[in-house]
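Listing of run.pdb, PDB, C-alpha atoms
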ATOM      1  CA  GLU A 292     136.464  25.644  62.755  1.00  0.00           C
ATOM      2  CA  THR A 293     134.225  26.674  59.912  1.00  0.00           C
ATOM      3  CA  SER A 294     132.304  29.781  59.034  1.00  0.00           C
ATOM      4  CA  CYS A 295     129.502  30.755  56.714  1.00  0.00           C
ATOM      5  CA  VAL A 296     128.725  33.947  54.826  1.00  0.00           C
ATOM      6  CA  VAL A 297     125.171  34.542  53.655  1.00  0.00           C
ATOM      7  CA  LEU A 298     124.897  36.441  50.361  1.00  0.00           C
ATOM      8  CA  PRO A 299     121.878  37.414  48.260  1.00  0.00           C
ATOM      9  CA  SER A 300     121.404  34.801  45.536  1.00  0.00           C
ATOM     10  CA  ASP A 301     122.096  37.309  42.755  1.00  0.00           C
ATOM     11  CA  LEU A 302     125.639  37.733  44.126  1.00  0.00           C
ATOM     12  CA  VAL A 303     126.455  34.012  44.252  1.00  0.00           C
ATOM     13  CA  ILE A 304     128.338  32.746  41.223  1.00  0.00           C
ATOM     14  CA  ILE A 305     128.815  29.019  40.846  1.00  0.00           C
ATOM     15  CA  ALA A 306     131.842  28.009  38.815  1.00  0.00           C
ATOM     16  CA  GLY A 307     130.824  27.873  35.185  1.00  0.00           C
ATOM     17  CA  SER A 308     127.462  29.494  35.834  1.00  0.00           C
ATOM     18  CA  LEU A 309     126.073  32.406  33.894  1.00  0.00           C
ATOM     19  CA  SER A 310     125.614  35.553  35.964  1.00  0.00           C
ATOM     20  CA  LYS A 311     122.893  38.128  35.377  1.00  0.00           C
ATOM     21  CA  ASN A 312     125.469  40.485  33.830  1.00  0.00           C
ATOM     22  CA  GLY A 313     126.958  37.693  31.733  1.00  0.00           C
ATOM     23  CA  ARG A 314     123.520  36.782  30.409  1.00  0.00           C
ATOM     24  CA  MET A 315     122.881  40.435  29.536  1.00  0.00           C
ATOM     25  CA  ILE A 316     126.134  40.589  27.546  1.00  0.00           C
ATOM     26  CA  LEU A 317     125.391  37.322  25.734  1.00  0.00           C
ATOM     27  CA  GLU A 318     121.870  38.463  24.878  1.00  0.00           C
ATOM     28  CA  THR A 319     123.269  41.725  23.517  1.00  0.00           C
ATOM     29  CA  LEU A 320     125.936  39.969  21.428  1.00  0.00           C
ATOM     30  CA  SER A 321     123.268  37.668  19.982  1.00  0.00           C
ATOM     31  CA  LEU A 322     121.292  40.620  18.533  1.00  0.00           C
ATOM     32  CA  ALA A 323     121.163  40.823  14.733  1.00  0.00           C
ATOM     33  CA  VAL A 324     122.862  44.245  14.784  1.00  0.00           C
ATOM     34  CA  PHE A 325     126.054  42.580  16.077  1.00  0.00           C
ATOM     35  CA  GLN A 326     125.967  39.692  13.592  1.00  0.00           C
ATOM     36  CA  PRO A 327     128.337  38.853  11.938  1.00  0.00           C
ATOM     37  CA  ALA A 328     130.666  41.793  12.678  1.00  0.00           C
ATOM     38  CA  GLY A 329     130.630  41.501  16.495  1.00  0.00           C
ATOM     39  CA  ALA A 330     130.552  44.397  18.965  1.00  0.00           C
ATOM     40  CA  ARG A 331     133.289  46.728  20.074  1.00  0.00           C
ATOM     41  CA  GLY A 332     133.821  46.913  23.841  1.00  0.00           C
ATOM     42  CA  LYS A 333     132.419  50.439  24.142  1.00  0.00           C
ATOM     43  CA  GLN A 334     129.344  49.569  22.046  1.00  0.00           C
ATOM     44  CA  LEU A 335     128.736  46.518  24.189  1.00  0.00           C
ATOM     45  CA  MET A 336     129.193  48.367  27.483  1.00  0.00           C
ATOM     46  CA  ASP A 337     126.887  51.181  26.334  1.00  0.00           C
ATOM     47  CA  SER A 338     124.261  48.688  25.120  1.00  0.00           C
ATOM     48  CA  THR A 339     124.200  46.779  28.398  1.00  0.00           C
ATOM     49  CA  THR A 340     124.383  49.907  30.609  1.00  0.00           C
ATOM     50  CA  LEU A 341     126.777  48.074  32.947  1.00  0.00           C
ATOM     51  CA  GLY A 342     129.454  49.990  34.833  1.00  0.00           C
ATOM     52  CA  SER A 343     133.003  49.316  33.728  1.00  0.00           C
ATOM     53  CA  SER A 344     134.039  47.052  36.609  1.00  0.00           C
ATOM     54  CA  SER A 345     130.847  44.952  36.328  1.00  0.00           C
ATOM     55  CA  PHE A 346     131.217  44.829  32.562  1.00  0.00           C
ATOM     56  CA  TYR A 347     134.868  43.771  32.527  1.00  0.00           C
ATOM     57  CA  SER A 348     134.340  41.241  35.303  1.00  0.00           C
ATOM     58  CA  ALA A 349     131.511  39.619  33.333  1.00  0.00           C
ATOM     59  CA  ILE A 350     133.499  39.777  30.062  1.00  0.00           C
ATOM     60  CA  SER A 351     136.457  38.084  31.743  1.00  0.00           C
ATOM     61  CA  GLN A 352     134.278  35.240  33.047  1.00  0.00           C
ATOM     62  CA  LEU A 353     132.500  34.802  29.699  1.00  0.00           C
ATOM     63  CA  LYS A 354     135.853  34.531  27.904  1.00  0.00           C
ATOM     64  CA  LYS A 355     137.157  32.095  30.498  1.00  0.00           C
ATOM     65  CA  ASP A 356     134.036  29.940  30.052  1.00  0.00           C
ATOM     66  CA  GLY A 357     134.361  30.036  26.252  1.00  0.00           C
ATOM     67  CA  LEU A 358     131.015  31.787  25.762  1.00  0.00           C
ATOM     68  CA  ILE A 359     132.491  34.779  23.943  1.00  0.00           C
ATOM     69  CA  ARG A 360     135.679  35.419  22.030  1.00  0.00           C
ATOM     70  CA  GLN A 361     137.618  38.502  21.047  1.00  0.00           C
ATOM     71  CA  ASP A 362     139.299  39.456  17.833  1.00  0.00           C
ATOM     72  CA  GLU A 363     143.090  39.094  17.980  1.00  0.00           C
ATOM     73  CA  LYS A 364     143.371  42.889  18.312  1.00  0.00           C
ATOM     74  CA  GLY A 365     140.938  43.002  21.251  1.00  0.00           C
ATOM     75  CA  ASP A 366     137.865  44.336  19.484  1.00  0.00           C
ATOM     76  CA  PRO A 367     135.284  43.260  18.510  1.00  0.00           C
ATOM     77  CA  PHE A 368     133.691  40.656  20.770  1.00  0.00           C
ATOM     78  CA  PHE A 369     131.700  37.721  19.362  1.00  0.00           C
ATOM     79  CA  ILE A 370     129.331  35.223  20.938  1.00  0.00           C
ATOM     80  CA  THR A 371     130.502  31.623  20.469  1.00  0.00           C
ATOM     81  CA  ASP A 372     128.396  28.584  19.603  1.00  0.00           C
ATOM     82  CA  GLU A 373     128.700  27.561  23.260  1.00  0.00           C
ATOM     83  CA  GLY A 374     127.388  31.005  24.262  1.00  0.00           C
ATOM     84  CA  ARG A 375     124.390  30.567  21.960  1.00  0.00           C
ATOM     85  CA  LYS A 376     123.700  27.147  23.479  1.00  0.00           C
ATOM     86  CA  ARG A 377     123.841  28.621  26.980  1.00  0.00           C
ATOM     87  CA  LEU A 378     121.336  31.318  26.005  1.00  0.00           C
ATOM     88  CA  ALA A 379     119.058  28.716  24.447  1.00  0.00           C
ATOM     89  CA  GLY A 380     118.862  26.988  27.823  1.00  0.00           C
ATOM     90  CA  ASN A 381     120.968  23.954  26.993  1.00  0.00           C
ATOM     91  CA  ASP A 382     122.893  24.410  30.239  1.00  0.00           C
ATOM     92  CA  SER A 383     121.400  24.072  33.700  1.00  0.00           C
ATOM     93  CA  ASN A 384     124.226  25.856  35.569  1.00  0.00           C
ATOM     94  CA  ASP A 385     122.856  29.371  35.171  1.00  0.00           C
ATOM     95  CA  SER A 386     122.459  31.486  38.283  1.00  0.00           C
ATOM     96  CA  LYS A 387     119.424  33.709  38.649  1.00  0.00           C
TER      97      LYS A 387
END
Kindly present the structure from the file in C-alpha cells form.
Amino acid sequence: ETSCVVLPSDLVIIAGSLSKNGRMILETLSLAVFQPAGARGKQLMDSTTLGSSSFYSAISQLKKDGLIRQDEKGDPFFITDEGRKRLAGNDSNDSK
C-alpha cells in the first residue's frame, strides 16, 4: 500500500534545494555589512526576522549543503563560494 500527503509548495524541500528561509539567510550574509567579517548568529537571526527554530533549521541545512560555514568557535557565519553561486542562480534546485 502507498499513501500521499499534499503539502503547500513552500513547505516542500527537495534534497539539496534552497528553501525560502535559506535564501533569506544567504542574501543577508551576502550583504556588504557582513563582508568580510561574517555575521554572528544573533545578528543574522535579527536581520532575517526568522524565529529561532526556523532559523536554526535553515542554518543547519545551509551548513550541510556547504552554502555557509561557521568559525571554529561557532560565530560568526560566512557565506561560501558555493552559497554565492546558488544566489546568483547557477543552481536549478531551488524551491520557491
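One distance worth recording is that between CA of Glu363 in chain A and CA of Ser321 in chain A, which is 20.0 Å.
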Might you pull out every residue within 8 Å of range 306-320 of chain A, with only C-alpha atoms counted and same-chain residues fewer than 5 positions away left off, and present them as a count of residues only? 28
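CA of Asp366 in chain A lies 13.8 Å from CA of Ser351 in chain A.
Relative to CA of Ala323 in chain A, CA of Arg377 in chain A is found at 17.5 Å.
Comparing A:Glu373, A:Arg360, A:Ala379, A:Cys295 by their smallest distance to Arg331 in chain A, the closest is A:Arg360 (using only C-alpha atoms).
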Take every atom of range 306-324 of chain A listed in the file, pad by 6 Å on each side, and give me the axis-aligned box centre and edge lengths in Å, one decimal, as lines of an AutoDock Vina configuration file.
center_x = 126.5
center_y = 36.1
center_z = 26.8
size_x = 22.7
size_y = 28.4
size_z = 36.1
